[in-house]
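One structure is given here, and the rest of the page talks about it.
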Amino acid sequence: MKIKKAVIPAAGLGTRVLPASKAMPKEMLSIVDKPAIQYIVEEAARSGIEDILIITSRGKTTVEDHFDRSPELEQRLLAAGKTELYEEMVRISNLANITYMRQKETKGLGHAILCAKSFVGDEPFAVLYGDDVIMGENPVCRQLCDAYEEHGLGVVGIKEVTPEQIKKYSSMKVEHLSGRQFSITDMVEKPATMEEAFSLYSILGRCVLPASIFEILEQIPYGVGGELQLTDAMKVLARREGMIGVDFDGKRYDMGSKLGILEAIVETGLAHPETGEAFRAYLKGIAATL
Ligand code: UTP
């Protein structure tokens with residue numbers, strides 16, 4: 001079955017990047033000249049996704065404005081002969097059919113996904129976490145959709161992380177299938193010790209889920225941090241019917257963390273046609289003094 005719908009949860013409070021995220025959604029933080037969430041919407045569009053639901057919350061209307069038309073700005077750019085920039089602004093508003101829904105209380109990622117129930121209906125759908133930007137030639141959302149279409153099972157994007165990181169993330173019970181694919185039969189959210197962890201493979205930022213996840217989310221109790229955890233629901237799914245893990249090809253930046261933001265900006269700045277050369281020279285100068 002072709003995956004046509006995606007949900008981007010972007011309603012979190014972003015407490016790890018305060019005060020930047022106090023009045024500005026962390027999903028709108030800029031990587032050189034483009035807000036993080038635009039990279040994510042572009043990845044979904046490049047993956048063949050047609051309909052996107054962005055879950056927002058109070059104070060996040062800039063996300064909606066960003067993907068809307070901007071007549072005054074467009075007129076000004078046209079009048080000034082800045083045709084390329086004008087076309088780029090129009091392109092942003094035509095990336096996909098985007099709708100929005102408010103998560104009225106930030107009760108966790110699982111709760112945010114549950115808000116998407118009526119949008120999704122009974123089709124499988126992709127989830128792209130609003131603060132996880134993943135760069136690469138082959139869009140990661142597409143890599144996961146391909147695995148779903150091949151196996152007909154829920155799919156998670158996974159990567160090996162360090163023993164320090166695994167305690168803050170989720171840990172997967174994996175068995176290698178072939179290439180980049182693994183079978184996943186169990187998982188644990190934020191394992192307190194290495195003994196509790198199954199492996200160093202963790203879910204990072206992307207998954208493709210069957211609509212049966214909603215019925216699971218409606219039944220499970222609130223978990224770590226008093227939040228409805230998506231991982232807890234995926235654990236039920238993995239134990240019940242198995243899931244597929246894809247050790248995806250792509251570089252992930254955690255835009256919900258200060259270091260992740262810096263890494264994304266430095267690498268994108270180096271690759272950017274306008275800033276690359278000068279920024280490289282600048283960085284070399286700085287590096288020499290470190
Ligand atoms: P995070 O746990 O990274 O986001 O959720 P957070 O709660 O904003 O983070 P901190 O710990 O306070 O810094 C991953 C994604 O899920 C969304 C976030 O916006 C982020 O994109 N999310 C999280 C929701 O949409 N709703 C929630 O209730 C929680």
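The chains in the structure tokens are called A, B, ... from first to last as shown; in each chain the residues are counted from 1, and the ligands are counted from 1 in the order shown.
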Write out as a PyMOL selection string each polymer residue (protein, DNA or RNA) that has an atom no more than 10 Å from ligand 1, with only C-alpha atoms and all ligand atoms counted.
chain A and resi 7-18+21+25-27+37+54-57+102-113+115+127-132+169+204-205+227-230+254-258
Go through stretch 101-204 of chain A and collect every residue that DSSP, computed from the backbone, puts in helix (DSSP H, G or I); the answer should be as a short mmCIF file (atom, residue, chain, number, x, y, z; two decimals) with N, CA and C atoms, in the first residue's frame.
```cif
data_model
loop_
_atom_site.label_atom_id
_atom_site.label_comp_id
_atom_site.auth_asym_id
_atom_site.auth_seq_id
_atom_site.Cartn_x
_atom_site.Cartn_y
_atom_site.Cartn_z
N LEU A 109 4.42 12.78 22.95
CA LEU A 109 4.44 12.48 21.51
C LEU A 109 3.30 11.53 21.13
N GLY A 110 3.02 10.53 21.99
CA GLY A 110 1.94 9.59 21.71
C GLY A 110 0.61 10.31 21.64
N HIS A 111 0.41 11.24 22.56
CA HIS A 111 -0.83 12.03 22.59
C HIS A 111 -0.94 12.90 21.34
N ALA A 112 0.19 13.46 20.92
CA ALA A 112 0.19 14.29 19.69
C ALA A 112 -0.22 13.44 18.49
N ILE A 113 0.30 12.22 18.42
CA ILE A 113 -0.03 11.33 17.29
C ILE A 113 -1.51 10.94 17.33
N LEU A 114 -2.02 10.74 18.55
CA LEU A 114 -3.43 10.39 18.70
C LEU A 114 -4.34 11.50 18.15
N LYS A 117 -5.71 11.04 14.54
CA LYS A 117 -6.53 9.86 14.22
C LYS A 117 -7.51 10.12 13.07
N SER A 118 -8.28 11.19 13.14
CA SER A 118 -9.31 11.40 12.10
C SER A 118 -8.67 11.78 10.76
N PHE A 119 -7.52 12.46 10.80
CA PHE A 119 -6.80 12.82 9.56
C PHE A 119 -6.31 11.55 8.86
N VAL A 120 -5.80 10.61 9.64
CA VAL A 120 -5.17 9.41 9.08
C VAL A 120 -6.21 8.40 8.57
N VAL A 140 14.88 9.96 3.98
CA VAL A 140 14.71 8.86 4.93
C VAL A 140 13.26 8.40 5.01
N CYS A 141 12.33 9.34 4.91
CA CYS A 141 10.91 8.97 4.93
C CYS A 141 10.62 7.97 3.80
N ARG A 142 11.25 8.19 2.64
CA ARG A 142 11.07 7.27 1.49
C ARG A 142 11.66 5.90 1.81
N GLN A 143 12.86 5.90 2.45
CA GLN A 143 13.50 4.62 2.80
C GLN A 143 12.57 3.79 3.69
N LEU A 144 11.88 4.48 4.62
CA LEU A 144 10.99 3.77 5.56
C LEU A 144 9.70 3.32 4.86
N CYS A 145 9.18 4.19 3.99
CA CYS A 145 7.96 3.82 3.25
C CYS A 145 8.23 2.59 2.38
N ASP A 146 9.41 2.54 1.76
CA ASP A 146 9.77 1.37 0.93
C ASP A 146 9.73 0.10 1.78
N ALA A 147 10.27 0.18 3.00
CA ALA A 147 10.30 -1.00 3.89
C ALA A 147 8.88 -1.39 4.29
N TYR A 148 8.03 -0.38 4.52
CA TYR A 148 6.63 -0.70 4.88
C TYR A 148 5.95 -1.40 3.71
N GLU A 149 6.17 -0.84 2.53
CA GLU A 149 5.51 -1.42 1.35
C GLU A 149 6.02 -2.85 1.08
N GLU A 150 7.28 -3.12 1.45
CA GLU A 150 7.85 -4.45 1.25
C GLU A 150 7.30 -5.46 2.27
N HIS A 151 7.24 -5.07 3.55
CA HIS A 151 6.91 -6.04 4.61
C HIS A 151 5.48 -5.94 5.14
N PRO A 163 26.36 4.54 24.68
CA PRO A 163 25.73 4.06 25.93
C PRO A 163 25.16 5.23 26.76
N GLU A 164 25.77 6.41 26.69
CA GLU A 164 25.23 7.57 27.43
C GLU A 164 23.91 8.02 26.82
N GLN A 165 23.87 8.01 25.48
CA GLN A 165 22.65 8.49 24.80
C GLN A 165 21.48 7.54 24.96
N ILE A 166 21.77 6.23 24.98
CA ILE A 166 20.67 5.24 24.98
C ILE A 166 19.77 5.42 26.20
#
```
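Between atom CA of A:Met243 and atom CA of A:Val224 lies a distance of 22.0 Å.
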Write down as an mmCIF file with N, CA, C and O atoms, in the first residue's frame the residues of stretch 45-253 of chain A whose backbone DSSP state falls under strand (DSSP E or B).
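Result file out20.cif:
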```cif
data_model
loop_
_atom_site.group_PDB
_atom_site.id
_atom_site.type_symbol
_atom_site.label_atom_id
_atom_site.label_comp_id
_atom_site.auth_asym_id
_atom_site.auth_seq_id
_atom_site.Cartn_x
_atom_site.Cartn_y
_atom_site.Cartn_z
ATOM 1 N N ASP A 51 -0.296 14.466 1.589
ATOM 2 C CA ASP A 51 -1.036 15.187 2.631
ATOM 3 C C ASP A 51 -0.261 15.160 3.940
ATOM 4 O O ASP A 51 0.116 14.084 4.417
ATOM 5 N N ILE A 52 -0.067 16.348 4.509
ATOM 6 C CA ILE A 52 0.693 16.437 5.761
ATOM 7 C C ILE A 52 -0.163 17.115 6.825
ATOM 8 O O ILE A 52 -0.799 18.137 6.565
ATOM 9 N N LEU A 53 -0.164 16.509 8.007
ATOM 10 C CA LEU A 53 -0.808 17.163 9.153
ATOM 11 C C LEU A 53 0.295 17.588 10.111
ATOM 12 O O LEU A 53 1.083 16.758 10.563
ATOM 13 N N ILE A 54 0.357 18.886 10.389
ATOM 14 C CA ILE A 54 1.330 19.367 11.377
ATOM 15 C C ILE A 54 0.577 19.609 12.685
ATOM 16 O O ILE A 54 -0.427 20.326 12.709
ATOM 17 N N ILE A 55 1.053 18.955 13.739
ATOM 18 C CA ILE A 55 0.442 19.141 15.060
ATOM 19 C C ILE A 55 1.144 20.321 15.724
ATOM 20 O O ILE A 55 2.365 20.270 15.950
ATOM 21 N N THR A 56 0.391 21.364 16.006
ATOM 22 C CA THR A 56 1.003 22.555 16.610
ATOM 23 C C THR A 56 0.383 22.804 17.979
ATOM 24 O O THR A 56 -0.402 22.000 18.473
ATOM 25 N N ASN A 97 -0.134 19.347 0.499
ATOM 26 C CA ASN A 97 -1.375 19.828 1.135
ATOM 27 C C ASN A 97 -1.132 19.760 2.631
ATOM 28 O O ASN A 97 -1.054 18.658 3.187
ATOM 29 N N ILE A 98 -0.997 20.925 3.246
ATOM 30 C CA ILE A 98 -0.685 20.900 4.681
ATOM 31 C C ILE A 98 -1.900 21.361 5.474
ATOM 32 O O ILE A 98 -2.504 22.393 5.162
ATOM 33 N N THR A 99 -2.270 20.570 6.467
ATOM 34 C CA THR A 99 -3.315 21.000 7.395
ATOM 35 C C THR A 99 -2.720 21.015 8.801
ATOM 36 O O THR A 99 -1.647 20.451 9.041
ATOM 37 N N TYR A 100 -3.419 21.670 9.691
ATOM 38 C CA TYR A 100 -2.884 21.874 11.042
ATOM 39 C C TYR A 100 -3.907 21.446 12.079
ATOM 40 O O TYR A 100 -5.112 21.550 11.854
ATOM 41 N N MET A 101 -3.400 20.983 13.192
ATOM 42 C CA MET A 101 -4.282 20.677 14.303
ATOM 43 C C MET A 101 -3.558 21.062 15.579
ATOM 44 O O MET A 101 -2.342 20.891 15.691
ATOM 45 N N ARG A 102 -4.317 21.588 16.523
ATOM 46 C CA ARG A 102 -3.712 21.980 17.795
ATOM 47 C C ARG A 102 -3.761 20.840 18.797
ATOM 48 O O ARG A 102 -4.825 20.246 19.002
ATOM 49 N N PHE A 125 0.643 5.494 7.815
ATOM 50 C CA PHE A 125 1.094 6.883 7.667
ATOM 51 C C PHE A 125 2.512 7.043 8.199
ATOM 52 O O PHE A 125 2.962 6.262 9.034
ATOM 53 N N ALA A 126 3.178 8.072 7.692
ATOM 54 C CA ALA A 126 4.551 8.348 8.145
ATOM 55 C C ALA A 126 4.518 9.371 9.270
ATOM 56 O O ALA A 126 3.631 10.224 9.315
ATOM 57 N N VAL A 127 5.470 9.273 10.189
ATOM 58 C CA VAL A 127 5.639 10.282 11.233
ATOM 59 C C VAL A 127 7.047 10.843 11.113
ATOM 60 O O VAL A 127 8.029 10.085 11.065
ATOM 61 N N LEU A 128 7.141 12.159 10.996
ATOM 62 C CA LEU A 128 8.447 12.820 10.945
ATOM 63 C C LEU A 128 8.501 13.768 12.128
ATOM 64 O O LEU A 128 7.731 14.744 12.194
ATOM 65 N N ASP A 132 13.588 16.797 14.326
ATOM 66 C CA ASP A 132 14.665 15.949 13.823
ATOM 67 C C ASP A 132 14.852 16.184 12.335
ATOM 68 O O ASP A 132 14.056 15.709 11.522
ATOM 69 N N VAL A 133 15.893 16.917 11.978
ATOM 70 C CA VAL A 133 16.184 17.163 10.565
ATOM 71 C C VAL A 133 17.165 16.095 10.104
ATOM 72 O O VAL A 133 18.179 15.863 10.768
ATOM 73 N N ILE A 134 16.828 15.409 9.015
ATOM 74 C CA ILE A 134 17.748 14.382 8.494
ATOM 75 C C ILE A 134 18.093 14.738 7.053
ATOM 76 O O ILE A 134 17.215 14.852 6.203
ATOM 77 N N MET A 135 19.377 14.967 6.822
ATOM 78 C CA MET A 135 19.833 15.380 5.492
ATOM 79 C C MET A 135 20.371 14.156 4.746
ATOM 80 O O MET A 135 20.960 13.260 5.343
ATOM 81 N N VAL A 155 7.338 0.461 10.619
ATOM 82 C CA VAL A 155 8.779 0.638 10.401
ATOM 83 C C VAL A 155 9.293 1.798 11.258
ATOM 84 O O VAL A 155 8.629 2.831 11.361
ATOM 85 N N VAL A 156 10.471 1.608 11.853
ATOM 86 C CA VAL A 156 11.104 2.722 12.571
ATOM 87 C C VAL A 156 12.486 2.993 11.992
ATOM 88 O O VAL A 156 13.186 2.052 11.598
ATOM 89 N N GLY A 157 12.855 4.254 11.933
ATOM 90 C CA GLY A 157 14.208 4.630 11.525
ATOM 91 C C GLY A 157 15.103 4.468 12.737
ATOM 92 O O GLY A 157 14.806 4.996 13.812
ATOM 93 N N ILE A 158 16.179 3.693 12.590
ATOM 94 C CA ILE A 158 17.051 3.447 13.748
ATOM 95 C C ILE A 158 18.512 3.784 13.431
ATOM 96 O O ILE A 158 18.920 3.798 12.261
ATOM 97 N N LYS A 159 19.267 4.068 14.495
ATOM 98 C CA LYS A 159 20.710 4.306 14.400
ATOM 99 C C LYS A 159 21.334 3.830 15.706
ATOM 100 O O LYS A 159 20.679 3.881 16.760
ATOM 101 N N GLU A 160 22.588 3.427 15.641
ATOM 102 C CA GLU A 160 23.279 3.081 16.880
ATOM 103 C C GLU A 160 23.713 4.372 17.567
ATOM 104 O O GLU A 160 24.239 5.275 16.917
ATOM 105 N N SER A 170 15.360 5.495 23.176
ATOM 106 C CA SER A 170 14.707 4.188 23.281
ATOM 107 C C SER A 170 15.707 3.134 22.824
ATOM 108 O O SER A 170 16.639 3.449 22.084
ATOM 109 N N SER A 171 15.526 1.903 23.280
ATOM 110 C CA SER A 171 16.453 0.836 22.901
ATOM 111 C C SER A 171 15.672 -0.307 22.253
ATOM 112 O O SER A 171 14.648 -0.747 22.768
ATOM 113 N N MET A 172 16.179 -0.763 21.093
ATOM 114 C CA MET A 172 15.451 -1.751 20.286
ATOM 115 C C MET A 172 16.022 -3.158 20.450
ATOM 116 O O MET A 172 17.250 -3.332 20.474
ATOM 117 N N LYS A 173 15.144 -4.155 20.508
ATOM 118 C CA LYS A 173 15.573 -5.549 20.424
ATOM 119 C C LYS A 173 15.599 -5.907 18.939
ATOM 120 O O LYS A 173 14.542 -5.991 18.301
ATOM 121 N N VAL A 174 16.793 -6.028 18.386
ATOM 122 C CA VAL A 174 16.919 -6.162 16.925
ATOM 123 C C VAL A 174 17.532 -7.505 16.505
ATOM 124 O O VAL A 174 18.303 -8.108 17.242
ATOM 125 N N GLU A 175 17.153 -7.909 15.318
ATOM 126 C CA GLU A 175 17.789 -9.058 14.668
ATOM 127 C C GLU A 175 17.989 -8.657 13.211
ATOM 128 O O GLU A 175 17.025 -8.192 12.570
ATOM 129 N N HIS A 176 19.229 -8.797 12.727
ATOM 130 C CA HIS A 176 19.514 -8.325 11.372
ATOM 131 C C HIS A 176 18.774 -9.150 10.332
ATOM 132 O O HIS A 176 18.760 -10.373 10.395
ATOM 133 N N LEU A 177 18.115 -8.474 9.386
ATOM 134 C CA LEU A 177 17.446 -9.187 8.287
ATOM 135 C C LEU A 177 18.376 -9.206 7.082
ATOM 136 O O LEU A 177 18.986 -10.223 6.767
ATOM 137 N N SER A 178 18.497 -8.073 6.410
ATOM 138 C CA SER A 178 19.452 -7.963 5.305
ATOM 139 C C SER A 178 19.686 -6.486 5.025
ATOM 140 O O SER A 178 18.820 -5.655 5.339
ATOM 141 N N GLN A 181 18.122 -3.461 6.911
ATOM 142 C CA GLN A 181 16.875 -3.809 7.605
ATOM 143 C C GLN A 181 17.065 -4.782 8.771
ATOM 144 O O GLN A 181 17.838 -5.728 8.680
ATOM 145 N N PHE A 182 16.306 -4.526 9.833
ATOM 146 C CA PHE A 182 16.329 -5.364 11.034
ATOM 147 C C PHE A 182 14.897 -5.727 11.413
ATOM 148 O O PHE A 182 13.961 -4.981 11.119
ATOM 149 N N SER A 183 14.764 -6.867 12.075
ATOM 150 C CA SER A 183 13.472 -7.220 12.640
ATOM 151 C C SER A 183 13.474 -6.705 14.081
ATOM 152 O O SER A 183 14.461 -6.861 14.804
ATOM 153 N N ILE A 184 12.376 -6.098 14.509
ATOM 154 C CA ILE A 184 12.281 -5.580 15.881
ATOM 155 C C ILE A 184 11.117 -6.255 16.586
ATOM 156 O O ILE A 184 9.981 -6.210 16.112
ATOM 157 N N THR A 185 11.409 -6.891 17.725
ATOM 158 C CA THR A 185 10.358 -7.642 18.420
ATOM 159 C C THR A 185 10.049 -7.061 19.803
ATOM 160 O O THR A 185 9.106 -7.483 20.458
ATOM 161 N N ASP A 186 10.848 -6.096 20.240
ATOM 162 C CA ASP A 186 10.593 -5.472 21.545
ATOM 163 C C ASP A 186 11.383 -4.174 21.622
ATOM 164 O O ASP A 186 12.305 -3.943 20.816
ATOM 165 N N MET A 187 11.038 -3.324 22.579
ATOM 166 C CA MET A 187 11.787 -2.070 22.767
ATOM 167 C C MET A 187 11.529 -1.540 24.168
ATOM 168 O O MET A 187 10.569 -1.956 24.829
ATOM 169 N N VAL A 188 12.387 -0.659 24.618
ATOM 170 C CA VAL A 188 12.199 -0.048 25.939
ATOM 171 C C VAL A 188 12.548 1.437 25.836
ATOM 172 O O VAL A 188 13.513 1.811 25.178
ATOM 173 N N GLU A 189 11.703 2.291 26.467
ATOM 174 C CA GLU A 189 11.933 3.738 26.440
ATOM 175 C C GLU A 189 12.844 4.121 27.601
ATOM 176 O O GLU A 189 12.645 3.683 28.729
ATOM 177 N N TYR A 201 20.755 0.311 19.428
ATOM 178 C CA TYR A 201 19.915 0.846 18.347
ATOM 179 C C TYR A 201 18.714 1.579 18.940
ATOM 180 O O TYR A 201 17.989 1.026 19.765
ATOM 181 N N SER A 202 18.533 2.823 18.495
ATOM 182 C CA SER A 202 17.453 3.645 19.008
ATOM 183 C C SER A 202 16.642 4.224 17.853
ATOM 184 O O SER A 202 17.157 4.387 16.741
ATOM 185 N N ILE A 203 15.378 4.546 18.133
ATOM 186 C CA ILE A 203 14.545 5.189 17.096
ATOM 187 C C ILE A 203 14.961 6.656 17.002
ATOM 188 O O ILE A 203 14.992 7.356 18.001
ATOM 189 N N LEU A 204 15.272 7.096 15.791
ATOM 190 C CA LEU A 204 15.634 8.494 15.626
ATOM 191 C C LEU A 204 14.743 9.172 14.582
ATOM 192 O O LEU A 204 14.969 9.061 13.386
ATOM 193 N N GLY A 205 13.711 9.818 15.062
ATOM 194 C CA GLY A 205 13.008 10.818 14.251
ATOM 195 C C GLY A 205 12.012 10.428 13.180
ATOM 196 O O GLY A 205 11.308 11.301 12.674
ATOM 197 N N ARG A 206 11.970 9.155 12.786
ATOM 198 C CA ARG A 206 11.043 8.805 11.703
ATOM 199 C C ARG A 206 10.420 7.438 11.947
ATOM 200 O O ARG A 206 11.105 6.522 12.411
ATOM 201 N N CYS A 207 9.150 7.286 11.607
ATOM 202 C CA CYS A 207 8.547 5.964 11.583
ATOM 203 C C CYS A 207 7.372 5.946 10.614
ATOM 204 O O CYS A 207 6.895 7.006 10.181
ATOM 205 N N VAL A 208 6.965 4.757 10.236
ATOM 206 C CA VAL A 208 5.774 4.564 9.411
ATOM 207 C C VAL A 208 4.906 3.570 10.174
ATOM 208 O O VAL A 208 5.381 2.495 10.542
ATOM 209 N N LEU A 209 3.668 3.971 10.450
ATOM 210 C CA LEU A 209 2.840 3.171 11.352
ATOM 211 C C LEU A 209 1.522 2.761 10.718
ATOM 212 O O LEU A 209 0.956 3.523 9.924
ATOM 213 N N MET A 243 8.021 -5.405 14.081
ATOM 214 C CA MET A 243 8.222 -4.178 13.307
ATOM 215 C C MET A 243 9.537 -4.313 12.551
ATOM 216 O O MET A 243 10.314 -5.234 12.801
ATOM 217 N N ILE A 244 9.755 -3.399 11.619
ATOM 218 C CA ILE A 244 11.007 -3.398 10.862
ATOM 219 C C ILE A 244 11.807 -2.161 11.271
ATOM 220 O O ILE A 244 11.248 -1.066 11.390
ATOM 221 N N GLY A 245 13.096 -2.344 11.497
ATOM 222 C CA GLY A 245 13.981 -1.204 11.760
ATOM 223 C C GLY A 245 14.822 -0.959 10.520
ATOM 224 O O GLY A 245 15.351 -1.908 9.937
ATOM 225 N N VAL A 246 14.922 0.285 10.105
ATOM 226 C CA VAL A 246 15.793 0.624 8.977
ATOM 227 C C VAL A 246 16.923 1.513 9.498
ATOM 228 O O VAL A 246 16.671 2.610 10.002
ATOM 229 N N ASP A 247 18.140 0.974 9.423
ATOM 230 C CA ASP A 247 19.324 1.757 9.792
ATOM 231 C C ASP A 247 19.553 2.721 8.617
ATOM 232 O O ASP A 247 20.273 2.433 7.680
ATOM 233 N N LYS A 251 22.097 11.924 7.572
ATOM 234 C CA LYS A 251 22.699 12.501 8.780
ATOM 235 C C LYS A 251 21.615 13.237 9.553
ATOM 236 O O LYS A 251 20.950 14.123 9.023
ATOM 237 N N ARG A 252 21.450 12.869 10.817
ATOM 238 C CA ARG A 252 20.370 13.424 11.610
ATOM 239 C C ARG A 252 20.892 14.525 12.547
ATOM 240 O O ARG A 252 21.943 14.383 13.155
ATOM 241 N N TYR A 253 20.140 15.600 12.605
ATOM 242 C CA TYR A 253 20.466 16.691 13.523
ATOM 243 C C TYR A 253 19.300 16.878 14.484
ATOM 244 O O TYR A 253 18.163 17.051 14.047
#
```
Find the spatial neighbours of A:Asp122, counting only C-alpha atoms, within a cut-off of 8 Å - ignore same-chain residues fewer than 2 positions away - and output them as a PyMOL selection string.
chain A and resi 120+124+210-212
Excluding A:Glu43 and any residue of its chain fewer than 4 positions from it, enumerate the residues within 7 Å of it, using only C-alpha atoms, and give them as a list in words.
Tyr39, Ser47, Pro139 and Cys141 of chain A
